[in-house]
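Text of query-v2.pdb, listed as PDB, C-alpha atoms and all ligand atoms:
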```pdb
MODEL        1
ATOM      1  CA  MET A   1       2.956 -39.060 -53.558
ATOM      2  CA  THR A   2       3.240 -41.528 -56.441
ATOM      3  CA  ASP A   3       2.347 -45.096 -55.590
ATOM      4  CA  THR A   4       5.311 -46.790 -57.255
ATOM      5  CA  ARG A   5       3.737 -50.192 -56.739
ATOM      6  CA  LEU A   6       1.196 -49.412 -59.449
ATOM      7  CA  PRO A   7       2.171 -50.624 -62.914
ATOM      8  CA  SER A   8       2.200 -48.097 -65.747
ATOM      9  CA  PRO A   9      -0.902 -48.218 -67.943
ATOM     10  CA  ILE A  10       1.369 -47.677 -70.984
ATOM     11  CA  ALA A  11       2.142 -50.758 -73.086
ATOM     12  CA  PRO A  12       4.816 -50.777 -75.818
ATOM     13  CA  THR A  13       3.701 -52.571 -78.983
ATOM     14  CA  VAL A  14       7.267 -53.589 -79.897
ATOM     15  CA  PRO A  15      10.004 -55.376 -77.889
ATOM     16  CA  PHE A  16      12.974 -53.544 -76.399
ATOM     17  CA  ASP A  17      15.205 -56.619 -76.164
ATOM     18  CA  ARG A  18      15.039 -58.187 -79.622
ATOM     19  CA  ASP A  19      17.512 -57.496 -82.447
ATOM     20  CA  GLY A  20      16.267 -55.660 -85.533
ATOM     21  CA  VAL A  21      14.302 -52.506 -86.320
ATOM     22  CA  HIS A  22      10.911 -52.353 -84.622
ATOM     23  CA  HIS A  23       8.432 -49.584 -85.427
ATOM     24  CA  GLY A  24       5.500 -49.336 -83.057
ATOM     25  CA  PHE A  25       3.912 -47.297 -80.328
ATOM     26  CA  LEU A  26       3.697 -46.625 -76.658
ATOM     27  CA  ARG A  27      -0.030 -47.276 -76.261
ATOM     28  CA  LEU A  28      -1.631 -45.246 -73.488
ATOM     29  CA  PRO A  29      -5.287 -46.093 -72.777
ATOM     30  CA  TYR A  30      -7.354 -42.902 -72.862
ATOM     31  CA  SER A  31     -11.093 -43.462 -72.989
ATOM     32  CA  ARG A  32     -12.959 -40.371 -74.077
ATOM     33  CA  ASP A  33     -16.040 -38.990 -75.861
ATOM     34  CA  ASP A  34     -14.747 -39.642 -79.385
ATOM     35  CA  SER A  35     -13.118 -43.011 -78.617
ATOM     36  CA  ALA A  36     -14.516 -45.299 -75.908
ATOM     37  CA  TRP A  37     -11.743 -47.677 -74.779
ATOM     38  CA  GLY A  38      -9.458 -45.612 -77.043
ATOM     39  CA  SER A  39      -5.733 -45.082 -76.717
ATOM     40  CA  ILE A  40      -3.097 -42.447 -77.389
ATOM     41  CA  MET A  41      -0.543 -44.009 -79.750
ATOM     42  CA  ILE A  42       2.885 -42.444 -79.180
ATOM     43  CA  PRO A  43       5.240 -43.379 -82.056
ATOM     44  CA  LEU A  44       8.246 -45.453 -80.986
ATOM     45  CA  THR A  45      11.151 -47.107 -82.800
ATOM     46  CA  VAL A  46      13.598 -49.532 -81.212
ATOM     47  CA  VAL A  47      16.757 -50.439 -83.164
ATOM     48  CA  ARG A  48      18.876 -53.123 -81.524
ATOM     49  CA  ASN A  49      21.907 -55.126 -82.566
ATOM     50  CA  GLY A  50      23.441 -57.239 -79.835
ATOM     51  CA  ASP A  51      24.826 -56.072 -76.549
ATOM     52  CA  GLY A  52      26.079 -52.536 -76.103
ATOM     53  CA  PRO A  53      25.042 -49.165 -74.770
ATOM     54  CA  THR A  54      21.513 -47.787 -75.088
ATOM     55  CA  ALA A  55      20.717 -44.287 -76.365
ATOM     56  CA  LEU A  56      17.293 -42.789 -75.650
ATOM     57  CA  LEU A  57      16.444 -40.073 -78.202
ATOM     58  CA  THR A  58      13.447 -37.795 -77.686
ATOM     59  CA  GLY A  59      11.774 -34.847 -79.388
ATOM     60  CA  GLY A  60       8.452 -33.157 -78.838
ATOM     61  CA  ASN A  61       8.893 -32.885 -75.068
ATOM     62  CA  HIS A  62       7.278 -29.547 -75.884
ATOM     63  CA  GLY A  63       4.826 -29.907 -78.745
ATOM     64  CA  ASP A  64       5.745 -26.796 -80.749
ATOM     65  CA  GLU A  65       9.474 -27.472 -81.186
ATOM     66  CA  TYR A  66      10.299 -29.140 -84.476
ATOM     67  CA  GLU A  67      13.958 -29.978 -85.136
ATOM     68  CA  GLY A  68      13.786 -33.007 -82.828
ATOM     69  CA  PRO A  69      10.680 -34.609 -84.338
ATOM     70  CA  ILE A  70      11.929 -33.969 -87.899
ATOM     71  CA  VAL A  71      15.310 -35.628 -87.445
ATOM     72  CA  LEU A  72      14.023 -38.399 -85.175
ATOM     73  CA  PHE A  73      11.183 -39.484 -87.478
ATOM     74  CA  ASP A  74      13.835 -39.462 -90.208
ATOM     75  CA  LEU A  75      16.374 -41.407 -88.145
ATOM     76  CA  ALA A  76      13.742 -43.978 -87.127
ATOM     77  CA  ARG A  77      13.018 -44.583 -90.813
ATOM     78  CA  THR A  78      16.661 -44.791 -91.947
ATOM     79  CA  LEU A  79      18.723 -46.289 -89.119
ATOM     80  CA  ALA A  80      19.486 -49.924 -89.979
ATOM     81  CA  ALA A  81      20.183 -52.504 -87.273
ATOM     82  CA  GLU A  82      23.522 -53.425 -88.864
ATOM     83  CA  HIS A  83      24.652 -49.793 -88.344
ATOM     84  CA  VAL A  84      24.087 -50.085 -84.596
ATOM     85  CA  ARG A  85      25.957 -51.749 -81.779
ATOM     86  CA  GLY A  86      23.682 -51.871 -78.751
ATOM     87  CA  ARG A  87      20.316 -50.156 -78.841
ATOM     88  CA  VAL A  88      18.660 -46.910 -79.933
ATOM     89  CA  ILE A  89      15.212 -46.070 -78.550
ATOM     90  CA  ILE A  90      13.547 -43.254 -80.506
ATOM     91  CA  VAL A  91      10.448 -41.339 -79.366
ATOM     92  CA  PRO A  92      10.150 -38.421 -81.820
ATOM     93  CA  ALA A  93       7.225 -36.773 -80.021
ATOM     94  CA  MET A  94       7.275 -37.444 -76.310
ATOM     95  CA  ASN A  95       4.274 -35.291 -75.392
ATOM     96  CA  TYR A  96       2.354 -36.631 -78.363
ATOM     97  CA  PRO A  97      -0.978 -34.870 -77.670
ATOM     98  CA  ALA A  98       0.889 -31.541 -77.475
ATOM     99  CA  PHE A  99       2.788 -32.339 -80.682
ATOM    100  CA  GLN A 100      -0.473 -33.152 -82.500
ATOM    101  CA  ALA A 101      -1.956 -29.853 -81.321
ATOM    102  CA  ALA A 102       1.228 -27.862 -82.114
ATOM    103  CA  THR A 103       1.213 -26.494 -78.576
ATOM    104  CA  ARG A 104       3.883 -26.421 -75.878
ATOM    105  CA  THR A 105       1.689 -28.193 -73.318
ATOM    106  CA  SER A 106      -0.870 -30.957 -73.657
ATOM    107  CA  PRO A 107      -4.342 -29.893 -74.833
ATOM    108  CA  ILE A 108      -5.773 -32.722 -72.674
ATOM    109  CA  ASP A 109      -4.524 -31.652 -69.258
ATOM    110  CA  ARG A 110      -2.335 -28.556 -69.944
ATOM    111  CA  GLY A 111       0.595 -30.694 -68.790
ATOM    112  CA  ASN A 112       4.077 -29.310 -69.438
ATOM    113  CA  MET A 113       6.052 -32.539 -69.864
ATOM    114  CA  ASN A 114       9.250 -30.906 -68.674
ATOM    115  CA  ARG A 115       7.675 -29.839 -65.376
ATOM    116  CA  THR A 116       5.869 -33.138 -64.707
ATOM    117  CA  PHE A 117       8.627 -35.576 -63.691
ATOM    118  CA  PRO A 118       8.626 -38.044 -62.010
ATOM    119  CA  GLY A 119       4.976 -38.280 -63.104
ATOM    120  CA  ARG A 120       2.345 -40.666 -61.777
ATOM    121  CA  PRO A 121       1.020 -43.986 -63.109
ATOM    122  CA  ASP A 122      -2.452 -42.981 -61.856
ATOM    123  CA  GLY A 123      -2.291 -39.298 -62.839
ATOM    124  CA  THR A 124      -3.142 -37.226 -65.892
ATOM    125  CA  VAL A 125      -2.139 -38.264 -69.417
ATOM    126  CA  THR A 126       1.024 -36.141 -69.213
ATOM    127  CA  GLU A 127       1.861 -37.567 -65.771
ATOM    128  CA  LYS A 128       1.414 -41.123 -67.071
ATOM    129  CA  ILE A 129       3.836 -40.478 -69.961
ATOM    130  CA  ALA A 130       6.396 -38.939 -67.581
ATOM    131  CA  ASP A 131       6.060 -41.915 -65.216
ATOM    132  CA  TYR A 132       6.722 -44.335 -68.074
ATOM    133  CA  PHE A 133       9.919 -42.489 -68.973
ATOM    134  CA  GLN A 134      10.892 -42.264 -65.303
ATOM    135  CA  ARG A 135      10.418 -45.928 -64.409
ATOM    136  CA  THR A 136      10.824 -47.796 -67.717
ATOM    137  CA  LEU A 137      12.721 -45.900 -70.437
ATOM    138  CA  LEU A 138      15.284 -43.836 -68.502
ATOM    139  CA  PRO A 139      16.544 -46.854 -66.504
ATOM    140  CA  MET A 140      17.293 -48.640 -69.822
ATOM    141  CA  ALA A 141      19.425 -45.750 -71.134
ATOM    142  CA  ASP A 142      23.117 -44.989 -70.849
ATOM    143  CA  ILE A 143      22.890 -41.728 -72.763
ATOM    144  CA  VAL A 144      19.850 -39.503 -73.298
ATOM    145  CA  LEU A 145      19.450 -36.810 -75.963
ATOM    146  CA  ASP A 146      16.333 -34.608 -75.645
ATOM    147  CA  PHE A 147      15.719 -32.073 -78.416
ATOM    148  CA  HIS A 148      14.263 -28.663 -77.650
ATOM    149  CA  SER A 149      13.894 -25.364 -79.463
ATOM    150  CA  GLY A 150      12.237 -22.147 -78.403
ATOM    151  CA  GLY A 151       8.716 -23.045 -79.450
ATOM    152  CA  ARG A 152       6.293 -20.328 -80.405
ATOM    153  CA  THR A 153       7.425 -17.809 -77.786
ATOM    154  CA  LEU A 154      11.241 -17.956 -77.778
ATOM    155  CA  ASP A 155      14.034 -17.980 -80.347
ATOM    156  CA  PHE A 156      17.541 -19.282 -79.571
ATOM    157  CA  ILE A 157      20.973 -19.337 -81.109
ATOM    158  CA  PRO A 158      21.555 -23.036 -81.912
ATOM    159  CA  PHE A 159      23.186 -24.786 -78.969
ATOM    160  CA  ALA A 160      23.523 -28.151 -77.266
ATOM    161  CA  ALA A 161      23.719 -28.079 -73.501
ATOM    162  CA  ALA A 162      24.227 -30.013 -70.319
ATOM    163  CA  HIS A 163      23.826 -28.958 -66.736
ATOM    164  CA  VAL A 164      26.350 -28.014 -64.148
ATOM    165  CA  LEU A 165      26.057 -31.045 -61.810
ATOM    166  CA  PRO A 166      27.139 -31.910 -58.274
ATOM    167  CA  ASP A 167      28.837 -35.091 -59.589
ATOM    168  CA  LYS A 168      31.753 -33.623 -61.560
ATOM    169  CA  ALA A 169      32.600 -36.923 -63.298
ATOM    170  CA  GLN A 170      29.020 -37.178 -64.590
ATOM    171  CA  GLU A 171      29.121 -33.495 -65.568
ATOM    172  CA  GLU A 172      32.333 -34.080 -67.516
ATOM    173  CA  ARG A 173      30.821 -37.059 -69.393
ATOM    174  CA  SER A 174      27.766 -34.946 -70.219
ATOM    175  CA  PHE A 175      29.840 -32.006 -71.478
ATOM    176  CA  ALA A 176      31.897 -34.431 -73.612
ATOM    177  CA  ALA A 177      28.649 -35.594 -75.261
ATOM    178  CA  VAL A 178      27.604 -31.954 -75.777
ATOM    179  CA  ALA A 179      30.954 -31.269 -77.462
ATOM    180  CA  ALA A 180      30.433 -34.329 -79.689
ATOM    181  CA  PHE A 181      26.974 -33.051 -80.744
ATOM    182  CA  GLY A 182      28.824 -30.250 -82.532
ATOM    183  CA  ALA A 183      26.283 -27.412 -82.481
ATOM    184  CA  PRO A 184      27.630 -23.910 -83.220
ATOM    185  CA  TYR A 185      27.268 -23.150 -79.492
ATOM    186  CA  ALA A 186      27.539 -25.320 -76.374
ATOM    187  CA  LEU A 187      26.123 -24.203 -73.048
ATOM    188  CA  ARG A 188      27.014 -25.084 -69.476
ATOM    189  CA  MET A 189      23.506 -24.610 -68.209
ATOM    190  CA  VAL A 190      22.015 -23.559 -64.884
ATOM    191  CA  GLU A 191      18.191 -23.759 -64.719
ATOM    192  CA  ILE A 192      15.972 -21.041 -63.260
ATOM    193  CA  ASP A 193      13.708 -23.830 -61.922
ATOM    194  CA  ALA A 194      14.844 -27.455 -62.402
ATOM    195  CA  ARG A 195      11.981 -29.094 -60.495
ATOM    196  CA  GLY A 196       9.995 -31.611 -62.492
ATOM    197  CA  MET A 197      12.351 -31.616 -65.466
ATOM    198  CA  TYR A 198      13.086 -34.707 -67.561
ATOM    199  CA  ASP A 199      16.698 -33.482 -67.487
ATOM    200  CA  SER A 200      16.853 -33.683 -63.691
ATOM    201  CA  ALA A 201      15.166 -37.102 -63.657
ATOM    202  CA  ALA A 202      17.826 -38.494 -66.006
ATOM    203  CA  GLU A 203      20.696 -36.753 -64.217
ATOM    204  CA  GLU A 204      19.563 -38.009 -60.803
ATOM    205  CA  MET A 205      19.828 -41.554 -62.226
ATOM    206  CA  GLY A 206      23.429 -40.812 -63.204
ATOM    207  CA  LYS A 207      22.722 -40.778 -66.948
ATOM    208  CA  ILE A 208      24.619 -38.731 -69.512
ATOM    209  CA  PHE A 209      22.025 -36.153 -70.536
ATOM    210  CA  VAL A 210      22.276 -33.785 -73.511
ATOM    211  CA  THR A 211      19.626 -31.237 -74.349
ATOM    212  CA  THR A 212      19.427 -28.625 -77.106
ATOM    213  CA  GLU A 213      17.866 -25.314 -78.005
ATOM    214  CA  LEU A 214      18.160 -25.091 -81.771
ATOM    215  CA  GLY A 215      15.971 -22.201 -82.888
ATOM    216  CA  GLY A 216      12.348 -21.456 -82.199
ATOM    217  CA  GLY A 217       9.391 -19.342 -83.166
ATOM    218  CA  GLY A 218       7.247 -22.456 -83.557
ATOM    219  CA  THR A 219       9.052 -23.531 -86.728
ATOM    220  CA  SER A 220      12.422 -24.845 -87.926
ATOM    221  CA  SER A 221      14.943 -23.918 -90.608
ATOM    222  CA  ALA A 222      17.201 -25.790 -93.020
ATOM    223  CA  ARG A 223      20.178 -24.692 -90.898
ATOM    224  CA  THR A 224      18.783 -25.813 -87.538
ATOM    225  CA  VAL A 225      17.543 -29.142 -88.926
ATOM    226  CA  SER A 226      20.974 -29.853 -90.408
ATOM    227  CA  ILE A 227      22.588 -29.059 -87.030
ATOM    228  CA  ALA A 228      20.166 -31.476 -85.353
ATOM    229  CA  ARG A 229      20.784 -34.199 -87.942
ATOM    230  CA  ARG A 230      24.571 -34.023 -87.595
ATOM    231  CA  GLY A 231      24.237 -33.744 -83.809
ATOM    232  CA  VAL A 232      22.206 -36.889 -83.257
ATOM    233  CA  LEU A 233      24.593 -39.001 -85.359
ATOM    234  CA  ASN A 234      27.581 -37.472 -83.587
ATOM    235  CA  VAL A 235      26.118 -38.355 -80.183
ATOM    236  CA  LEU A 236      25.501 -41.951 -81.338
ATOM    237  CA  ARG A 237      29.090 -42.158 -82.658
ATOM    238  CA  HIS A 238      30.424 -40.642 -79.440
ATOM    239  CA  ALA A 239      28.533 -43.299 -77.451
ATOM    240  CA  GLY A 240      30.042 -46.065 -79.603
ATOM    241  CA  ILE A 241      26.592 -47.117 -80.843
ATOM    242  CA  VAL A 242      27.102 -46.025 -84.475
ATOM    243  CA  PRO A 243      30.583 -46.685 -85.953
ATOM    244  CA  GLY A 244      32.836 -43.971 -87.280
ATOM    245  CA  PRO A 245      34.416 -40.774 -86.026
ATOM    246  CA  VAL A 246      32.454 -37.818 -84.684
ATOM    247  CA  GLU A 247      32.084 -35.201 -87.449
ATOM    248  CA  ALA A 248      33.929 -32.260 -85.930
ATOM    249  CA  ALA A 249      32.318 -28.831 -86.045
ATOM    250  CA  PRO A 250      33.451 -25.528 -84.514
ATOM    251  CA  THR A 251      31.702 -24.863 -81.208
ATOM    252  CA  GLN A 252      31.748 -21.779 -78.979
ATOM    253  CA  TRP A 253      31.284 -22.689 -75.299
ATOM    254  CA  LEU A 254      29.071 -20.455 -73.175
ATOM    255  CA  ASP A 255      28.264 -20.197 -69.478
ATOM    256  CA  MET A 256      25.079 -19.002 -67.791
ATOM    257  CA  PRO A 257      26.472 -17.705 -64.533
ATOM    258  CA  GLY A 258      23.169 -16.914 -62.824
ATOM    259  CA  ASP A 259      19.896 -15.043 -62.592
ATOM    260  CA  ASP A 260      21.404 -11.919 -64.117
ATOM    261  CA  SER A 261      21.473 -13.748 -67.465
ATOM    262  CA  PHE A 262      17.674 -13.351 -67.723
ATOM    263  CA  LEU A 263      15.532 -10.307 -68.497
ATOM    264  CA  PHE A 264      11.777 -10.421 -67.878
ATOM    265  CA  ALA A 265       9.091  -7.966 -68.956
ATOM    266  CA  GLU A 266       7.342  -6.104 -66.163
ATOM    267  CA  GLN A 267       4.639  -4.597 -68.354
ATOM    268  CA  ALA A 268       2.638  -5.474 -71.429
ATOM    269  CA  GLY A 269       3.334  -3.845 -74.749
ATOM    270  CA  LEU A 270       4.838  -3.832 -78.190
ATOM    271  CA  LEU A 271       8.342  -5.341 -78.161
ATOM    272  CA  GLU A 272      11.135  -3.605 -80.060
ATOM    273  CA  PRO A 273      14.310  -5.738 -80.213
ATOM    274  CA  CYS A 274      17.367  -3.480 -80.071
ATOM    275  CA  VAL A 275      19.943  -6.231 -80.680
ATOM    276  CA  ASP A 276      19.644  -9.498 -82.559
ATOM    277  CA  LEU A 277      20.547 -13.011 -81.486
ATOM    278  CA  GLN A 278      24.282 -13.757 -81.306
ATOM    279  CA  ALA A 279      25.215 -10.093 -80.843
ATOM    280  CA  ALA A 280      27.772  -9.160 -78.189
ATOM    281  CA  VAL A 281      26.146  -7.053 -75.468
ATOM    282  CA  ALA A 282      27.499  -5.059 -72.527
ATOM    283  CA  ALA A 283      26.050  -4.571 -69.057
ATOM    284  CA  GLY A 284      23.731  -1.554 -69.154
ATOM    285  CA  GLN A 285      23.077  -1.805 -72.889
ATOM    286  CA  VAL A 286      19.445  -1.525 -73.994
ATOM    287  CA  LEU A 287      18.433  -4.944 -75.363
ATOM    288  CA  ALA A 288      14.775  -4.184 -76.012
ATOM    289  CA  ARG A 289      12.187  -1.469 -75.625
ATOM    290  CA  ILE A 290       8.549  -2.031 -74.693
ATOM    291  CA  HIS A 291       6.200   0.517 -76.237
ATOM    292  CA  THR A 292       2.806   1.203 -74.774
ATOM    293  CA  MET A 293      -0.020   0.143 -77.051
ATOM    294  CA  ASP A 294      -2.631   2.392 -75.452
ATOM    295  CA  ARG A 295      -1.637   5.892 -76.521
ATOM    296  CA  THR A 296       0.859   8.007 -78.386
ATOM    297  CA  GLY A 297       3.315  10.312 -76.647
ATOM    298  CA  ALA A 298       4.497   7.834 -73.957
ATOM    299  CA  ALA A 299       8.163   6.923 -73.672
ATOM    300  CA  PRO A 300       8.958   3.201 -74.091
ATOM    301  CA  VAL A 301      10.364   1.177 -71.186
ATOM    302  CA  GLU A 302      13.969   0.149 -71.792
ATOM    303  CA  LEU A 303      15.229  -3.295 -70.793
ATOM    304  CA  ARG A 304      18.955  -3.219 -70.114
ATOM    305  CA  ALA A 305      21.466  -6.062 -69.973
ATOM    306  CA  ARG A 306      22.540  -6.890 -66.429
ATOM    307  CA  ARG A 307      25.844  -8.400 -67.572
ATOM    308  CA  ASP A 308      28.240  -8.634 -70.516
ATOM    309  CA  GLY A 309      27.877 -11.543 -72.923
ATOM    310  CA  ILE A 310      26.066 -12.493 -76.099
ATOM    311  CA  LEU A 311      22.329 -12.625 -76.719
ATOM    312  CA  ILE A 312      21.435 -16.343 -76.780
ATOM    313  CA  ALA A 313      17.629 -16.142 -76.598
ATOM    314  CA  ARG A 314      14.880 -13.631 -77.185
ATOM    315  CA  HIS A 315      11.119 -13.389 -76.926
ATOM    316  CA  PHE A 316       9.722 -14.249 -80.344
ATOM    317  CA  PRO A 317       6.180 -12.786 -80.670
ATOM    318  CA  GLY A 318       5.817  -9.072 -81.280
ATOM    319  CA  LEU A 319       3.799  -8.410 -78.115
ATOM    320  CA  VAL A 320       4.862  -9.073 -74.516
ATOM    321  CA  LYS A 321       3.055  -9.566 -71.226
ATOM    322  CA  PRO A 322       4.333  -9.030 -67.674
ATOM    323  CA  GLY A 323       6.552 -11.977 -66.741
ATOM    324  CA  ASP A 324       7.531 -12.922 -70.298
ATOM    325  CA  CYS A 325      11.180 -13.856 -70.752
ATOM    326  CA  VAL A 326      12.459 -11.156 -73.128
ATOM    327  CA  ALA A 327      16.176 -11.918 -73.375
ATOM    328  CA  VAL A 328      18.825 -14.358 -72.126
ATOM    329  CA  ILE A 329      22.543 -13.626 -72.096
ATOM    330  CA  GLY A 330      25.263 -16.263 -72.280
ATOM    331  CA  VAL A 331      28.895 -15.620 -71.435
ATOM    332  CA  PRO A 332      31.598 -16.900 -73.810
ATOM    333  CA  ALA A 333      33.854 -19.305 -71.916
TER     334      ALA A 333
HETATM  335 ZN    ZN A 401      11.273 -27.163 -75.031
ENDMDL
END
```

In structure tokens, what does this structure look like?
Amino acid sequence: MTDTRLPSPIAPTVPFDRDGVHHGFLRLPYSRDDSAWGSIMIPLTVVRNGDGPTALLTGGNHGDEYEGPIVLFDLARTLAAEHVRGRVIIVPAMNYPAFQAATRTSPIDRGNMNRTFPGRPDGTVTEKIADYFQRTLLPMADIVLDFHSGGRTLDFIPFAAAHVLPDKAQEERSFAAVAAFGAPYALRMVEIDARGMYDSAAEEMGKIFVTTELGGGGTSSARTVSIARRGVLNVLRHAGIVPGPVEAAPTQWLDMPGDDSFLFAEQAGLLEPCVDLQAAVAAGQVLARIHTMDRTGAAPVELRARRDGILIARHFPGLVKPGDCVAVIGVPA
């Protein structure tokens, strides 16, 4: 159990409550072999102009997902205080050690940031970062935008998403922000395991929370970066923090009705995709085949869709292991 009386060891090097553009760090003490009394310096920008709503913008929750860090480092550099009403807090690479290592989880403690909330002030490095977001940054925010992509092991059609929530008014506000983002697809999301997620932490505080999956494969593309760039400005306009109308873009809404949206590998092998992302699929259709790597003459295992829809995500590397997520189906609304 977290001792919430303990202060966070993280210290911001810039103020949150002063007007202007402030570039600095969240400094997390981390004494180690190569740096006695050293710190992890997590880049942070705070842009404030008077009273108004606060947006908290994050990338690099997983370290190998790049659209978020690209557009947020860019936004931090270019967003002028006079273009803002209220406050924008930008952390382009939330799990900074993972981002530096280009890995999903932290190389220090293997921490998956999005399974670590609410974190601990006296825990691992990843737990300390989560705790700082939980107790300091999230409470400041009115609207939270957290960028994800598929990382090295998944590839997605580009979508913004919010969760189906018990509080329908909060859900509606979140879906309105997703619509404003203006990605080609918008997803009403149900998680396979929501415990420990940053998303859930924000939603339990009643915040408007928008997430994305914009591509994947451990890289980015001109198309997905441009979607992210338009999306972040649209969310800030929607929140009334940046002036001007939301730049409208056609969006196809999708649902994820349940577990039958997901297909998992049950054996290792060589993955043959049989349909590509965005394709319409029917229940029973073969989405992928897994070929044995050990011998010739063996029939591949076929993975069949369990429902109609479109292919919204697929396993990215050419080889699979038992338990790997091979395909995800979304259902056009
Ligand atoms: Zn992610």

Enumerate, in order of chain and increasing residue number, the residues of chain A with an atom no farther than 8 Å from ligand ZN 401 (chain A), each with its shortest atom pair and distance in Å to one decimal, counting only C-alpha atoms and all ligand atoms, as a Markdown table.
```
| residue | atom | partner | partner_atom | distance |
| --- | --- | --- | --- | --- |
| A:Gly60 | CA | A:ZN401 | ZN | 7.6 |
| A:Asn61 | CA | A:ZN401 | ZN | 6.2 |
| A:His62 | CA | A:ZN401 | ZN | 4.7 |
| A:Gly63 | CA | A:ZN401 | ZN | 7.9 |
| A:Asp64 | CA | A:ZN401 | ZN | 8.0 |
| A:Glu65 | CA | A:ZN401 | ZN | 6.4 |
| A:Arg104 | CA | A:ZN401 | ZN | 7.5 |
| A:Asn114 | CA | A:ZN401 | ZN | 7.6 |
| A:Phe147 | CA | A:ZN401 | ZN | 7.4 |
| A:His148 | CA | A:ZN401 | ZN | 4.2 |
| A:Ser149 | CA | A:ZN401 | ZN | 5.5 |
| A:Gly150 | CA | A:ZN401 | ZN | 6.1 |
| A:Gly151 | CA | A:ZN401 | ZN | 6.6 |
| A:Glu213 | CA | A:ZN401 | ZN | 7.5 |
```

Residues within 10 Å of Tyr96 (chain A), all atoms listed in the file, excluding chain neighbours under 6 positions, as a ChimeraX atom specification = /A:40-43,59-63,102,105-106,126,129

Please report as a Markdown table every residue of region 138-177 of chain A lying within 10 Å of region 257-277 of chain A, along with the nearest atom pair and their distance in Å (one decimal), using all atoms listed in the file.
```
| residue | atom | partner | partner_atom | distance |
| --- | --- | --- | --- | --- |
| A:Asp155 | CA | A:Leu277 | CA | 8.3 |
| A:Phe156 | CA | A:Leu277 | CA | 7.2 |
| A:Ile157 | CA | A:Leu277 | CA | 6.4 |
```

query = Using the chain letters and numbers from the file, which residues does the PyMOL selection byres (((chain A and resi 287) around 9) and not hetatm) grab, as a PyMOL selection string?
reply = chain A and resi 272-276+281+284-286+288-289+302-305+311+326-327

query = Of the candidates A:Glu247, A:Thr78, A:Glu67, A:Phe181, which one gets nearest to Arg223 (chain A) if we count all atoms listed in the file?
reply =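 Between A:Glu247, A:Thr78, A:Glu67, A:Phe181, the residue approaching Arg223 (chain A) most closely is A:Glu67.
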
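Shortest atom-to-atom contact with Glu82 (chain A) among A:Thr211, A:Asn49, A:Thr296, A:Gln252: A:Asn49, counting only C-alpha atoms.
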
Two-atom distance - CA of Ala248 (chain A), CA of Tyr66 (chain A) (Å) =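 If I compute the distance from CA of Ala248 (chain A) to CA of Tyr66 (chain A), I get 23.9 Å.
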
message = Nearest residue to Leu75 (chain A) out of A:Ala98, A:Ala201, A:Ala160, A:Val21, using all atoms listed in the file?
response = A:Val21

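The coordinates place CA of Phe133 (chain A) at 15.0 Å from CA of Gly111 (chain A).
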
Taking the file as I've supplied it (selection: the PyMOL selection byres (((chain A and resi 332) around 7) and not hetatm)), which residues are included? Please answer as a PDB file with C-alpha atoms, in the coordinates of the input.
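Heads up, here's the output in result.pdb:
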```pdb
ATOM      1  CA  TRP A 253      31.284 -22.689 -75.299  1.00  0.00           C
ATOM      2  CA  LEU A 254      29.071 -20.455 -73.175  1.00  0.00           C
ATOM      3  CA  ASP A 255      28.264 -20.197 -69.478  1.00  0.00           C
ATOM      4  CA  GLY A 309      27.877 -11.543 -72.923  1.00  0.00           C
ATOM      5  CA  GLY A 330      25.263 -16.263 -72.280  1.00  0.00           C
ATOM      6  CA  VAL A 331      28.895 -15.620 -71.435  1.00  0.00           C
ATOM      7  CA  ALA A 333      33.854 -19.305 -71.916  1.00  0.00           C
TER       8      ALA A 333
END
```

message = If the PyMOL selection byres (((chain A and resi 15) around 12) and not hetatm) were run on this exact file, what residues would it hold? Put them as JSON, numbers by chain.
response = {"A": [11, 12, 13, 14, 16, 17, 18, 19, 20, 21, 22, 23, 24, 25, 26, 44, 45, 46, 47, 48, 87, 89]}

task = One decimal, Å: what's the distance from CA of Tyr132 (chain A) over to CA of Ser220 (chain A), could you say?
result =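 Between these atoms lies a distance of 28.4 Å.
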
key: Minimum-distance residue to Ala161 (chain A), chosen among A:Ala177, A:Ala298, A:Ala81, A:Met113 (using only C-alpha atoms)   = A:Ala177

message = Quick one: residues within 8 Å of region 226-233 of chain A, only C-alpha atoms, excluding same-chain residues fewer than 4 positions away - as a PyMOL selection string?
response = chain A and resi 67-68+71+145+158+180-183+214+222+237+242+246-247

key: Nearest candidate to Glu127 (chain A) (options A:Ile312, A:Leu28, A:Leu79, A:Leu72; using all atoms listed in the file)   =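 Of A:Ile312, A:Leu28, A:Leu79, A:Leu72, the one nearest Glu127 (chain A), counting all atoms listed in the file, is A:Leu28.
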
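If you measure from each of A:Phe159, A:Phe73, A:Tyr30, A:Phe175 to Ile108 (chain A) using all atoms listed in the file, the closest one turns out to be A:Tyr30.
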
Need the axis-aligned box for region 142-153 of chain A with 4 Å each side, so what are the centre and edges in Å to one decimal, as JSON?
```
{"center_x": 14.7, "center_y": -31.4, "center_z": -75.6, "size_x": 24.8, "size_y": 35.2, "size_z": 17.6}
```
